[in-house]
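Notes to accompany the following structure.
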Amino acid sequence: MIDTPSGEMRAPAVKVSGLSKHFRRVQAVDNVSLTIPSGGVYGLLGPNGSGKTTLLSMLAGFLRPTAGEITLLGESGTAGLSQSRRRVGSLIERPIFWPFLSCRDNLKCLQGIYESGGGDAEVDRLLGMVNLDGGAARRKFRACSTGMKQRLGIAATLLGNPALLILDEPTNGLDPAGIIEVRELIRALATGDETTVGEPRTVILASHLLNEVAQVCDHVGVMARGKLLYSGPVSEISRQSRVRVRSTDDGRAESVLRSAGWEIDGSSADGLEVATTAGKEWEISRELAGAGIYIAEMTALGGSLEEGFLEVTSDVERSS
């Protein structure tokens, strides 16, 4: 459960237990149990073929699990999931629309299918949010660039103002400027700021791009070979840690630490950046005190997502 600002307890947005999916002899998802908190952006990270898309397809209702249980937005069972999925917007793999309809008309058709009552105002607002307003809104889907198609797919997931968004590689095909726009939009959708005209949502973002997940996500799950290897805060994935140390003599401190085998990642007027292992930061203080150097300030910087990803996937890679 999650504490809200009012002190109420919020149920997790997603909870799965023992979820598996087999395709004949291929085990695409293998006994995954996972809880995704309400609010914020949850990143699902893993290489191509790790099982991310299959897992998301089961959450969205496009695939039936071989085994396991799913709870979405507090609802489970066939009837409950049918209701809760009406409050879920999903973009799995590449977006598919009617090729001879314009971007705007495609959204209008989907409005009717999804029974969204937002009318023209909703369509215009969503096209504007993904930078497809004006002349781009009138362009036929078959004539759209890959990036335009991807942005239209994101707009479609927002019809009906869903509480949960499932986005599978949403920045595929976008240029650098488009990637930044989508990244900012995802954060805005999660926080519910004025640009998105909606309450805060939970966003599940699947990606194989470490940098994308690090910049957008609050929590992360790491998958490889169908297994979930880690799930938790981005800041806690790595056992590696970095600290910034300011001491009574930074010049001598750097020399002492290097001589003792510590890795110094950088030095500046703000102090030394020292690589260590989580929970072992106190040893830096002991090392320096033995040389008559004392720490004035030590600030935790945390480990990188890349380091954490390599740590949690290393055993799987070695066994392959």
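Note on naming: chains are A, B, ... as they come in the structure tokens, residues start from 1 per chain, ligands start from 1 in the order shown.
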### Query
Neighbours of His219 (chain A) within 12 Å (only C-alpha atoms; same-chain residues fewer than 3 positions away dropped), as a PyMOL selection string?
chain A and resi 34-45+202-206+213-216+222+230-237+305
### Task
Pull the alpha helix (DSSP H) assignments for region 203-272 of chain A out of DSSP run on the backbone, and list those residues as an MDAnalysis selection string.
chainID A and resid 210:216 250:259
### Task
Taking the chain letters and numbering used in this document, name the residues of region 232-285 of chain A that DSSP puts in strand (DSSP E), as a list of chain:residue names.
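Put together, the selection reads A:Gly232, A:Pro233, A:Gln240, A:Ser241, A:Arg242, A:Val243, A:Arg244, A:Val245, A:Arg246, A:Ser247, A:Glu263, A:Ile264, A:Asp265, A:Gly266, A:Ser267, A:Ser268, A:Gly271, A:Leu272, A:Glu273, A:Val274, A:Ala275, A:Thr276, A:Thr277.
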### For region 132-138 of chain A: contacts at 10 Å, only C-alpha atoms, fewer than 2 positions along chain excluded, given as a list of chain:residue names
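Here the answer would be A:Leu101, A:Ser102, A:Cys103, A:Arg104, A:Asp105, A:Asn106, A:Leu107, A:Val123, A:Asp124, A:Arg125, A:Leu126, A:Leu127, A:Gly128, A:Met129, A:Val130, A:Lys140, A:Phe141, A:Cys144, A:Met148, A:Lys149, A:Arg151, A:Leu152, A:Ala155.
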Per residue of region 73-119 of chain A within 7 Å of region 164-186 of chain A, what are the shortest atom pair and its distance in Å to one decimal, counting only C-alpha atoms, with rows by chain and residue number, as a tab-separated table?
residue	atom	partner	partner_atom	distance
A:Arg87	CA	A:Leu164	CA	6.6
A:Val88	CA	A:Leu164	CA	4.8
A:Gly89	CA	A:Leu165	CA	4.8
A:Ser90	CA	A:Ile166	CA	4.5
A:Leu91	CA	A:Leu167	CA	5.0
A:Ile92	CA	A:Asp168	CA	5.0
A:Glu93	CA	A:Asp168	CA	5.7
